[in-house]
$ cat start.cif   # mmCIF, C-alpha atoms (C1' of nucleotides)
data_start
#
loop_
_atom_site.label_atom_id
_atom_site.label_comp_id
_atom_site.auth_asym_id
_atom_site.auth_seq_id
_atom_site.Cartn_x
_atom_site.Cartn_y
_atom_site.Cartn_z
CA MET N 1 -6.16 -15.34 -14.88
CA GLN N 2 -3.02 -13.55 -13.98
CA GLU N 3 -2.49 -11.85 -10.69
CA LYS N 4 -4.39 -8.58 -10.96
CA SER N 5 -2.03 -7.33 -13.65
CA LEU N 6 0.48 -5.81 -11.27
CA ARG N 7 3.06 -6.00 -13.97
CA ARG N 8 4.38 -2.58 -14.92
CA SER N 9 7.56 -1.60 -16.66
CA ASN N 10 10.29 -0.10 -14.56
CA GLU N 11 9.90 3.18 -16.38
CA THR N 12 6.23 3.61 -15.60
CA ARG N 13 6.74 2.30 -12.09
CA SER N 14 9.28 5.01 -11.44
CA GLN N 15 7.24 7.72 -13.06
CA GLU N 16 4.14 6.82 -11.12
CA MET N 17 6.07 6.72 -7.87
CA ARG N 18 7.72 10.05 -8.53
CA ALA N 19 4.37 11.56 -9.42
CA ARG N 20 2.75 10.29 -6.22
CA LEU N 21 5.58 11.59 -4.08
CA ILE N 22 5.59 14.95 -5.80
CA ALA N 23 1.82 15.29 -5.48
CA ALA N 24 1.81 14.43 -1.78
CA ALA N 25 4.77 16.67 -1.10
CA ARG N 26 3.30 19.58 -3.05
CA THR N 27 0.15 19.44 -0.91
CA LEU N 28 1.98 19.33 2.40
CA PHE N 29 4.71 21.80 1.51
CA ALA N 30 2.07 24.24 0.32
CA GLU N 31 -0.03 23.85 3.44
CA LYS N 32 2.54 23.73 6.19
CA GLY N 33 5.76 24.90 4.62
CA TYR N 34 8.96 23.04 3.88
CA ALA N 35 10.52 23.07 7.34
CA GLU N 36 7.35 21.98 9.12
CA THR N 37 6.77 19.03 6.79
CA GLY N 38 8.67 15.84 7.57
CA THR N 39 9.46 13.08 5.14
CA PRO N 40 7.57 10.54 7.28
CA GLU N 41 4.45 12.62 6.81
CA ILE N 42 4.97 12.88 3.08
CA VAL N 43 5.39 9.17 2.50
CA ARG N 44 2.41 8.46 4.73
CA ALA N 45 0.29 10.71 2.53
CA ALA N 46 1.66 9.03 -0.59
CA ASP N 47 1.19 5.60 1.00
CA VAL N 48 4.74 4.48 0.43
CA THR N 49 7.88 4.31 2.53
CA ARG N 50 10.82 6.61 2.98
CA GLY N 51 12.92 4.14 1.07
CA ALA N 52 11.08 5.00 -2.11
CA LEU N 53 11.60 8.69 -1.52
CA TYR N 54 15.33 8.38 -1.03
CA HIS N 55 15.59 6.07 -3.98
CA HIS N 56 14.13 8.62 -6.37
CA PHE N 57 15.48 11.83 -4.83
CA ASP N 58 18.81 12.73 -3.34
CA ASP N 59 17.29 14.20 -0.23
CA LYS N 60 14.30 16.12 1.05
CA ALA N 61 15.44 19.23 -0.77
CA GLY N 62 15.64 17.23 -4.00
CA LEU N 63 11.99 16.32 -3.70
CA PHE N 64 11.17 19.92 -2.94
CA ARG N 65 13.06 21.00 -6.02
CA ALA N 66 10.98 18.67 -8.17
CA VAL N 67 7.83 20.16 -6.68
CA VAL N 68 9.01 23.70 -7.34
CA GLU N 69 10.11 22.91 -10.88
CA ALA N 70 6.70 21.48 -11.69
CA GLU N 71 5.03 24.52 -10.19
CA ALA N 72 7.23 26.93 -12.11
CA ALA N 73 6.58 25.04 -15.32
CA ALA N 74 2.84 25.32 -14.73
CA VAL N 75 3.13 29.08 -14.27
CA ALA N 76 5.25 29.43 -17.38
CA GLY N 77 2.74 27.43 -19.38
CA SER N 78 -0.16 29.54 -18.20
CA ILE N 79 1.63 32.75 -19.05
CA GLU N 80 2.62 31.59 -22.49
CA ALA N 81 -0.93 30.48 -23.15
CA GLY N 82 -2.35 33.70 -21.78
CA ALA N 83 0.05 35.96 -23.59
CA LEU N 84 -1.30 34.70 -26.89
CA ASN N 85 -4.66 36.22 -26.09
CA GLY N 86 -3.32 39.72 -26.59
CA GLU N 87 -3.66 39.96 -30.33
CA GLY N 88 -0.89 42.21 -31.44
CA GLY N 89 -1.70 44.76 -28.74
CA ASP N 90 0.21 45.61 -25.62
CA PRO N 91 1.83 42.41 -24.36
CA LEU N 92 2.03 43.73 -20.81
CA GLU N 93 -1.67 43.71 -20.04
CA PRO N 94 -2.53 40.09 -20.85
CA GLY N 95 0.77 38.99 -19.35
CA THR N 96 -0.10 40.69 -16.10
CA ARG N 97 -3.50 39.10 -16.05
CA ALA N 98 -2.14 35.63 -16.83
CA PHE N 99 0.52 35.93 -14.18
CA PHE N 100 -1.90 36.87 -11.43
CA ALA N 101 -4.27 34.12 -12.45
CA ALA N 102 -1.49 31.55 -12.43
CA MET N 103 -0.13 32.70 -9.09
CA SER N 104 -3.53 32.58 -7.44
CA VAL N 105 -3.43 28.80 -7.37
CA PRO N 106 -3.44 27.98 -3.65
CA GLY N 107 -0.03 27.40 -2.17
CA ARG N 108 1.82 28.41 -5.29
CA ALA N 109 2.97 31.77 -4.01
CA ARG N 110 4.39 30.24 -0.90
CA LEU N 111 6.20 27.50 -2.79
CA LEU N 112 7.70 29.74 -5.44
CA LEU N 113 8.26 32.97 -3.54
CA ILE N 114 8.94 32.04 0.07
CA ASP N 115 10.15 28.49 0.58
CA GLY N 116 11.76 28.16 -2.84
CA PRO N 117 14.34 30.90 -2.34
CA ALA N 118 14.98 29.85 1.25
CA VAL N 119 15.52 26.16 0.52
CA LEU N 120 17.14 26.24 -2.91
CA GLY N 121 18.71 29.67 -2.73
CA PRO N 122 17.85 32.74 -4.79
CA ALA N 123 20.33 31.90 -7.54
CA GLU N 124 18.92 28.41 -8.17
CA MET N 125 15.43 29.79 -7.91
CA ASP N 126 16.15 32.42 -10.53
CA LYS N 127 17.31 29.71 -12.90
CA ILE N 128 14.21 27.62 -12.30
CA ASP N 129 11.61 30.25 -13.05
CA ALA N 130 13.58 32.19 -15.60
CA GLY N 131 10.98 30.83 -18.00
CA ALA N 132 8.05 32.60 -19.53
CA GLY N 133 7.32 35.28 -16.96
CA LEU N 134 10.55 37.17 -17.32
CA ALA N 135 10.69 36.74 -21.07
CA THR N 136 7.18 38.08 -21.56
CA LEU N 137 7.86 40.99 -19.24
CA ARG N 138 11.12 41.83 -20.94
CA ALA N 139 9.49 41.76 -24.34
CA GLY N 140 6.78 44.08 -23.13
CA LEU N 141 9.26 46.50 -21.61
CA ALA N 142 11.47 46.45 -24.67
CA SER N 143 8.51 47.57 -26.75
CA LEU N 144 8.20 50.76 -24.72
CA PRO N 145 9.56 53.90 -26.37
CA GLY N 146 12.89 54.89 -24.91
CA ALA N 147 13.24 51.67 -23.02
CA PRO N 148 16.71 50.62 -21.91
CA ALA N 149 18.44 47.72 -23.58
CA GLY N 150 20.96 45.05 -22.76
CA GLU N 151 21.85 44.58 -19.15
CA ASP N 152 19.83 47.59 -18.06
CA LEU N 153 16.73 46.12 -19.63
CA ALA N 154 17.44 42.82 -17.92
CA ALA N 155 17.75 44.56 -14.57
CA LEU N 156 14.55 46.50 -15.15
CA SER N 157 12.75 43.28 -16.01
CA ARG N 158 13.97 41.59 -12.87
CA ILE N 159 13.00 44.34 -10.49
CA LEU N 160 9.55 44.66 -12.03
CA SER N 161 9.21 40.90 -11.91
CA ALA N 162 9.87 41.20 -8.19
CA ALA N 163 7.11 43.80 -7.99
CA PHE N 164 4.71 41.31 -9.58
CA ASP N 165 5.86 38.64 -7.17
CA ARG N 166 5.21 40.79 -4.13
CA ALA N 167 1.77 41.69 -5.38
CA ALA N 168 0.95 38.04 -5.98
CA LEU N 169 2.18 37.19 -2.51
CA HIS N 170 0.04 39.81 -0.83
CA VAL N 171 -3.00 38.77 -2.79
CA ALA N 172 -2.33 35.14 -1.90
CA GLY N 173 -2.15 36.32 1.72
CA GLY N 174 -5.66 37.65 1.54
CA ALA N 175 -5.21 41.21 0.27
CA SER N 176 -7.52 42.58 -2.36
CA PRO N 177 -5.99 42.44 -5.84
CA ASP N 178 -7.57 45.71 -6.97
CA PRO N 179 -5.04 48.14 -5.47
CA TYR N 180 -2.22 46.15 -7.00
CA LEU N 181 -3.84 46.02 -10.40
CA ASN N 182 -4.40 49.77 -10.15
CA ALA N 183 -0.79 50.30 -9.17
CA PHE N 184 0.50 48.35 -12.16
CA THR N 185 -1.93 50.04 -14.49
CA TRP N 186 -0.77 53.43 -13.27
CA LEU N 187 2.85 52.38 -13.49
CA PHE N 188 2.66 51.09 -17.04
CA SER N 189 0.58 54.05 -18.15
CA ARG N 190 3.42 56.26 -17.02
CA LEU N 191 6.03 54.19 -18.80
CA ARG N 192 4.28 54.39 -22.11
CA MET L 1 39.55 42.52 48.01
CA GLN L 2 36.30 41.35 46.53
CA GLU L 3 36.05 38.61 44.00
CA LYS L 4 36.96 40.17 40.69
CA SER L 5 33.80 42.28 40.73
CA LEU L 6 31.63 39.76 38.95
CA ARG L 7 28.65 41.42 40.50
CA ARG L 8 26.21 42.61 37.87
CA SER L 9 22.56 43.49 38.21
CA ASN L 10 20.05 41.07 36.77
CA GLU L 11 19.06 43.63 34.19
CA THR L 12 22.53 44.10 32.76
CA ARG L 13 23.22 40.40 33.04
CA SER L 14 20.20 39.66 30.87
CA GLN L 15 20.96 42.37 28.39
CA GLU L 16 24.54 41.26 27.98
CA MET L 17 23.52 37.67 27.53
CA ARG L 18 20.87 38.54 24.99
CA ALA L 19 23.34 40.69 23.12
CA ARG L 20 25.93 37.92 23.01
CA LEU L 21 23.40 35.39 21.77
CA ILE L 22 22.03 37.75 19.16
CA ALA L 23 25.50 38.63 17.92
CA ALA L 24 26.60 35.02 17.63
CA ALA L 25 23.33 34.03 15.99
CA ARG L 26 23.44 36.93 13.55
CA THR L 27 26.87 35.83 12.34
CA LEU L 28 25.94 32.20 11.87
CA PHE L 29 22.48 32.80 10.43
CA ALA L 30 23.96 35.22 7.94
CA GLU L 31 26.74 32.85 6.90
CA LYS L 32 24.97 29.51 6.76
CA GLY L 33 21.30 30.30 6.85
CA TYR L 34 18.70 29.62 9.50
CA ALA L 35 18.01 25.96 8.79
CA GLU L 36 21.66 24.98 8.60
CA THR L 37 22.54 26.64 11.89
CA GLY L 38 21.88 24.64 15.04
CA THR L 39 21.39 26.03 18.50
CA PRO L 40 24.38 24.03 19.80
CA GLU L 41 26.59 25.86 17.34
CA ILE L 42 25.17 29.23 18.33
CA VAL L 43 25.72 28.79 22.05
CA ARG L 44 29.20 27.44 21.39
CA ALA L 45 30.03 30.60 19.48
CA ALA L 46 28.55 32.72 22.27
CA ASP L 47 30.34 30.59 24.87
CA VAL L 48 27.24 29.82 26.89
CA THR L 49 24.82 26.93 27.13
CA ARG L 50 21.54 26.18 25.47
CA GLY L 51 19.87 26.76 28.81
CA ALA L 52 20.62 30.46 28.54
CA LEU L 53 19.22 30.60 25.04
CA TYR L 54 15.94 28.98 25.99
CA HIS L 55 15.71 31.12 29.08
CA HIS L 56 15.79 34.34 27.07
CA PHE L 57 13.95 33.24 23.95
CA ASP L 58 10.92 31.08 23.38
CA ASP L 59 12.63 28.99 20.76
CA LYS L 60 15.13 29.12 17.94
CA ALA L 61 12.76 31.18 15.84
CA GLY L 62 12.43 33.66 18.70
CA LEU L 63 16.15 34.25 18.67
CA PHE L 64 16.05 34.60 14.92
CA ARG L 65 13.27 37.15 15.24
CA ALA L 66 15.41 39.22 17.60
CA VAL L 67 18.25 39.12 15.07
CA VAL L 68 15.96 40.18 12.25
CA GLU L 69 14.38 42.96 14.27
CA ALA L 70 17.79 44.40 15.07
CA GLU L 71 18.79 44.18 11.45
CA ALA L 72 15.62 45.87 10.25
CA ALA L 73 16.06 48.62 12.81
CA ALA L 74 19.58 49.22 11.56
CA VAL L 75 18.32 49.56 8.00
CA ALA L 76 15.56 51.91 9.05
CA GLY L 77 18.03 54.05 10.95
CA SER L 78 20.37 54.29 7.99
CA ILE L 79 17.57 55.27 5.67
CA GLU L 80 16.22 57.93 7.99
CA ALA L 81 19.70 59.33 8.41
CA GLY L 82 20.39 59.19 4.70
CA ALA L 83 17.09 60.67 3.66
CA LEU L 84 17.99 63.86 5.51
CA ASN L 85 20.84 64.42 3.10
CA GLY L 86 18.44 65.26 0.32
CA GLU L 87 17.80 68.90 1.14
CA GLY L 88 14.29 69.62 -0.02
CA GLY L 89 14.95 67.96 -3.36
CA ASP L 90 13.64 64.68 -4.68
CA PRO L 91 13.34 62.33 -1.70
CA LEU L 92 13.57 59.27 -3.94
CA GLU L 93 17.17 59.65 -4.98
CA PRO L 94 18.87 59.83 -1.56
CA GLY L 95 16.45 57.23 -0.23
CA THR L 96 17.48 54.83 -2.97
CA ARG L 97 21.12 55.44 -2.27
CA ALA L 98 20.70 54.99 1.48
CA PHE L 99 18.74 51.80 1.02
CA PHE L 100 21.33 50.16 -1.20
CA ALA L 101 24.12 51.19 1.13
CA ALA L 102 22.29 49.77 4.13
CA MET L 103 21.44 46.53 2.37
CA SER L 104 25.00 45.97 1.24
CA VAL L 105 26.04 45.02 4.77
CA PRO L 106 27.11 41.38 4.42
CA GLY L 107 24.44 38.85 5.27
CA ARG L 108 21.74 41.45 5.68
CA ALA L 109 19.97 40.70 2.41
CA ARG L 110 19.78 37.04 3.22
CA LEU L 111 18.48 37.64 6.73
CA LEU L 112 15.84 40.16 5.77
CA LEU L 113 14.79 38.98 2.33
CA ILE L 114 15.25 35.22 2.27
CA ASP L 115 15.26 33.58 5.68
CA GLY L 116 13.10 36.21 7.36
CA PRO L 117 10.01 35.61 5.23
CA ALA L 118 10.53 31.86 5.29
CA VAL L 119 10.94 31.55 9.05
CA LEU L 120 8.66 34.27 10.36
CA GLY L 121 6.24 34.43 7.46
CA PRO L 122 5.68 37.28 5.03
CA ALA L 123 3.02 38.92 7.18
CA GLU L 124 5.20 39.12 10.28
CA MET L 125 8.10 40.21 8.16
CA ASP L 126 6.07 43.03 6.66
CA LYS L 127 5.27 44.28 10.15
CA ILE L 128 8.90 44.17 11.22
CA ASP L 129 10.37 46.21 8.43
CA ALA L 130 7.41 48.44 7.81
CA GLY L 131 9.69 51.12 9.20
CA ALA L 132 11.55 53.79 7.36
CA GLY L 133 12.00 52.25 3.94
CA LEU L 134 8.36 52.05 3.02
CA ALA L 135 7.53 55.41 4.57
CA THR L 136 10.29 57.19 2.67
CA LEU L 137 9.31 55.50 -0.56
CA ARG L 138 5.66 56.31 -0.11
CA ALA L 139 6.43 59.92 0.61
CA GLY L 140 8.54 60.13 -2.52
CA LEU L 141 5.86 58.53 -4.66
CA ALA L 142 3.14 60.71 -3.21
CA SER L 143 5.09 63.77 -4.30
CA LEU L 144 4.88 62.70 -7.93
CA PRO L 145 2.33 64.53 -10.04
CA GLY L 146 -0.75 62.42 -10.69
CA ALA L 147 0.32 59.84 -8.15
CA PRO L 148 -2.35 57.55 -6.75
CA ALA L 149 -3.49 57.93 -3.16
CA GLY L 150 -4.85 55.83 -0.36
CA GLU L 151 -4.74 52.11 -0.80
CA ASP L 152 -3.49 52.37 -4.37
CA LEU L 153 -0.53 54.41 -3.22
CA ALA L 154 0.17 51.87 -0.50
CA ALA L 155 0.11 49.06 -3.04
CA LEU L 156 2.38 50.97 -5.39
CA SER L 157 4.81 51.58 -2.55
CA ARG L 158 4.87 47.92 -1.63
CA ILE L 159 5.50 46.62 -5.12
CA LEU L 160 8.26 49.14 -5.72
CA SER L 161 9.71 48.28 -2.34
CA ALA L 162 9.85 44.70 -3.57
CA ALA L 163 11.68 45.91 -6.66
CA PHE L 164 14.29 47.51 -4.42
CA ASP L 165 14.56 44.36 -2.39
CA ARG L 166 15.19 42.20 -5.42
CA ALA L 167 17.86 44.57 -6.67
CA ALA L 168 19.56 44.54 -3.28
CA LEU L 169 19.44 40.77 -3.24
CA HIS L 170 21.03 40.43 -6.65
CA VAL L 171 23.72 42.90 -5.77
CA ALA L 172 24.37 41.06 -2.53
CA GLY L 173 24.65 37.91 -4.63
CA GLY L 174 27.48 39.42 -6.63
CA ALA L 175 25.75 41.26 -9.45
CA SER L 176 26.91 44.69 -10.45
CA PRO L 177 24.74 47.44 -8.97
CA ASP L 178 24.99 49.69 -12.01
CA PRO L 179 22.28 48.10 -14.15
CA TYR L 180 19.89 48.24 -11.21
CA LEU L 181 20.69 51.85 -10.45
CA ASN L 182 20.14 52.62 -14.13
CA ALA L 183 16.86 50.78 -14.10
CA PHE L 184 15.58 52.73 -11.12
CA THR L 185 16.81 55.99 -12.57
CA TRP L 186 15.02 55.29 -15.81
CA LEU L 187 11.90 54.20 -13.95
CA PHE L 188 11.67 57.26 -11.76
CA SER L 189 12.50 59.57 -14.63
CA ARG L 190 9.44 58.18 -16.39
CA LEU L 191 7.23 58.59 -13.37
CA ARG L 192 8.07 62.24 -12.95
"C1'" DG H 1 20.39 36.97 56.49
"C1'" DA H 2 16.40 33.85 55.29
"C1'" DG H 3 13.34 33.23 51.44
"C1'" DT H 4 11.93 34.04 46.95
"C1'" DT H 5 12.69 34.95 42.35
"C1'" DT H 6 15.52 35.33 38.39
"C1'" DA H 7 19.39 33.63 35.56
"C1'" DC H 8 21.55 30.12 33.92
"C1'" DA H 9 23.37 24.86 33.46
"C1'" DT H 10 22.54 19.97 32.84
"C1'" DA H 11 19.91 15.93 31.54
"C1'" DC H 12 16.48 13.75 29.01
"C1'" DA H 13 12.80 12.36 25.54
"C1'" DG H 14 11.10 12.48 21.01
"C1'" DG H 15 11.42 13.20 16.13
"C1'" DC H 16 13.70 13.73 11.91
"C1'" DT H 17 17.22 13.02 8.36
"C1'" DG H 18 20.18 10.24 5.65
"C1'" DC H 19 22.44 5.96 4.92
"C1'" DA H 20 23.21 0.98 5.07
"C1'" DT H 21 21.34 -3.13 4.50
"C1'" DG H 22 17.63 -6.32 3.19
"C1'" DT H 23 13.81 -8.00 -0.08
"C1'" DT H 24 11.08 -8.03 -4.12
"C1'" DT H 25 10.20 -7.03 -8.85
"C1'" DT H 26 11.69 -6.29 -13.60
"C1'" DA H 27 14.99 -6.81 -17.30
"C1'" DA H 28 18.88 -9.40 -19.54
"C1'" DA H 29 21.32 -13.42 -20.74
"C1'" DT H 30 21.86 -17.96 -22.07
"C1'" DA C 1 12.69 -21.40 -19.07
"C1'" DT C 2 16.21 -20.82 -15.63
"C1'" DT C 3 19.74 -18.13 -13.93
"C1'" DT C 4 21.91 -13.61 -13.24
"C1'" DA C 5 22.01 -8.92 -12.87
"C1'" DA C 6 20.00 -4.66 -11.91
"C1'" DA C 7 16.61 -1.65 -10.65
"C1'" DA C 8 12.79 -0.44 -7.35
"C1'" DC C 9 11.45 -0.36 -3.26
"C1'" DA C 10 11.23 -1.59 2.28
"C1'" DT C 11 13.29 -1.86 6.89
"C1'" DG C 12 16.42 -0.76 10.46
"C1'" DC C 13 19.89 2.02 12.53
"C1'" DA C 14 23.00 6.01 14.03
"C1'" DG C 15 23.49 10.72 14.77
"C1'" DC C 16 21.82 15.24 15.38
"C1'" DC C 17 18.69 18.68 16.81
"C1'" DT C 18 14.91 20.76 19.28
"C1'" DG C 19 12.35 21.75 23.31
"C1'" DT C 20 11.42 20.78 28.09
"C1'" DA C 21 12.09 19.30 32.73
"C1'" DT C 22 14.92 19.46 36.41
"C1'" DG C 23 18.80 21.17 39.12
"C1'" DT C 24 22.07 24.90 40.86
"C1'" DA C 25 23.79 29.52 41.62
"C1'" DA C 26 23.35 34.27 41.70
"C1'" DA C 27 20.57 38.37 42.73
"C1'" DC C 28 16.67 40.80 44.73
"C1'" DT C 29 13.22 41.34 48.79
"C1'" DC C 30 12.10 41.87 53.34
#

$ encode --input "start.cif" --output "structure tokens"
Amino acid sequence: MQEKSLRRSNETRSQEMRARLIAAARTLFAEKGYAETGTPEIVRAADVTRGALYHHFDDKAGLFRAVVEAEAAAVAGSIEAGALNGEGGDPLEPGTRAFFAAMSVPGRARLLLIDGPAVLGPAEMDKIDAGAGLATLRAGLASLPGAPAGEDLAALSRILSAAFDRAALHVAGGASPDPYLNAFTWLFSRLR
Amino acid sequence: MQEKSLRRSNETRSQEMRARLIAAARTLFAEKGYAETGTPEIVRAADVTRGALYHHFDDKAGLFRAVVEAEAAAVAGSIEAGALNGEGGDPLEPGTRAFFAAMSVPGRARLLLIDGPAVLGPAEMDKIDAGAGLATLRAGLASLPGAPAGEDLAALSRILSAAFDRAALHVAGGASPDPYLNAFTWLFSRLR
DNA sequence: GAGTTTACATACAGGCTGCATGTTTTAAAT
DNA sequence: ATTTAAAACATGCAGCCTGTATGTAAACTC
């Protein structure tokens, strides 16, 4: 019998290691924040050494970026899936619902809205989650009668996206979601 | 003749020292960010020692908090002064203008909108700049016909405040302010 | 003007980051 | 199959930073 079948290809070895590091880091970054989480603690949680971390990522911020990218991708996926529920109707309502559901995953708001911009910078952060959320919102806004177009529409989408972000952050911080849902409902009713 | 009149009261001594530290820290935090600025660099710029810093502030975050509080107070003052310009008319328009002007001070957007929430936490940050901006905005929204009230109005104010913040951040990052001004104009025209 | 308190300076301990250098595992070559 | 190369990890080290403990000088109290 061979030795416990420890033989893995380099590719899978790397992928598994990266996944373990990202998972451990995501937990700790979400719980304690980026600055308060040290790489020794991360590799302890992942049961590896710091050597592995610095082999797969440029630095601590590189690992954080991988965590944030995964998180943003998850949000984008949820929104795209949720937006399909609205059958031909107003795309804003199901998009709103899907966004709040996706952002209610514990730790996600902190990662994407607080530590992300601080560690990676707002510009990089905008690139990372320029995915489904903004696109869905922009499409919904464009469908409004008399809506702006071009760069004005883009600006409108971004500022309203920020409004959604702040609401998600407050809800993640313990606030009741109802007032925010009411506020958006009122807002969009006025825009229509 | 007495020795160059170095005699200052303890009170003024402390105030001057705090002011020097806050000024030096504000410059460096604004330029390089909180995490990338060390206390040795700050005290070097202020031409004192780290002992003075840790005598007047609990820790590095305490100094940062003092910087942020001063910055938020400056913004609040500008908005209150600017809001008076609108003579009985729509309070939203001059408030918007005053806010963007105040937030265009170099480094301010980063301090208040990026590093502030990351270092002090969103909850603390909300307390600090709960000053004039939100109040002015809420008053303007409340004056709209059919506007929500109570907690719904508060939520609406907060999410629109976030929209302003994001616009200010993008403008501070080099974007043209015109699309954002257009977006807000369009938005408020719809709400009226 | 002696003693106490406040304001600041200096010195030190601990932890963290990033790199440099080893060791093991996989792939390639012959 | 053995050797060689390269990738994947582990270990050890140097430098920096933070916060505190200790020391000195200036200011207030009486």

$ residues_around --input "start.cif" --residues "Glu71 in chain N" --least-positions-apart "4" --cutoff "8 Å" --atoms "only C-alpha atoms (C1' of nucleotides)" --output "MDAnalysis selection string"
chainID N and resid 67 75 108 112

$ interface_residues --input "start.cif" --of "chain N" --to "chain L" --cutoff "6 Å" --atoms "all atoms listed in the file" --output "list in words"
Ile114, Asp115, Ala118, Asp152, Ala155, Leu156, Ile159, Leu160, Ala162, Ala163, Arg166, Pro179, Tyr180, Ala183, Arg190 and Leu191 of chain N

$ closest_atom_pairs --input "start.cif" --of "chain H" --to "chain L" --cutoff "9 Å" --atoms "only C-alpha atoms (C1' of nucleotides)" --output "tab-separated table"
residue	atom	partner	partner_atom	distance
H:DT6	C1'	L:Asn10	CA	7.5
H:DA7	C1'	L:Asn10	CA	7.6
H:DC8	C1'	L:Ala52	CA	5.5
H:DA9	C1'	L:Gly51	CA	6.1
H:DT10	C1'	L:Gly51	CA	8.3

$ closest_residue --input "start.cif" --among "C:DT11, C:DT22, C:DC16, C:DT29" --to "chain N" --atoms "all atoms listed in the file"
C:DT11

$ residues_near_point --input "start.cif" --point "(16.3, 34.3, 54.5)" --cutoff "12 Å" --atoms "all atoms listed in the file" --output "list in words"
DG1, DA2, DG3 and DT4 of chain H; DC28, DT29 and DC30 of chain C

$ interface_residues --input "start.cif" --of "chain C" --to "chain N" --cutoff "12 Å" --atoms "only C-alpha atoms (C1' of nucleotides)" --output "MDAnalysis selection string"
chainID C and resid 6:12

$ atom_distance --input "start.cif" --atom1 "CA of Asp129 in chain L" --atom2 "CA of Ile22 in chain L"
18.0 Å

$ resolve_selection --input "start.cif" --expression "the PyMOL selection byres ((chain N and resi 42) around 10)" --output "list in words"
Arg20, Leu21, Ile22, Ala23, Ala24, Ala25, Arg26, Thr27, Leu28, Phe29, Thr37, Gly38, Thr39, Pro40, Glu41, Val43, Arg44, Ala45, Ala46, Asp47, Val48, Thr49, Arg50 and Leu53 of chain N

$ atom_distance --input "start.cif" --atom1 "CA of Met103 in chain N" --atom2 "CA of Phe64 in chain N"
18.1 Å

$ atom_distance --input "start.cif" --atom1 "CA of Arg8 in chain L" --atom2 "C1' of DT24 in chain C"
18.4 Å
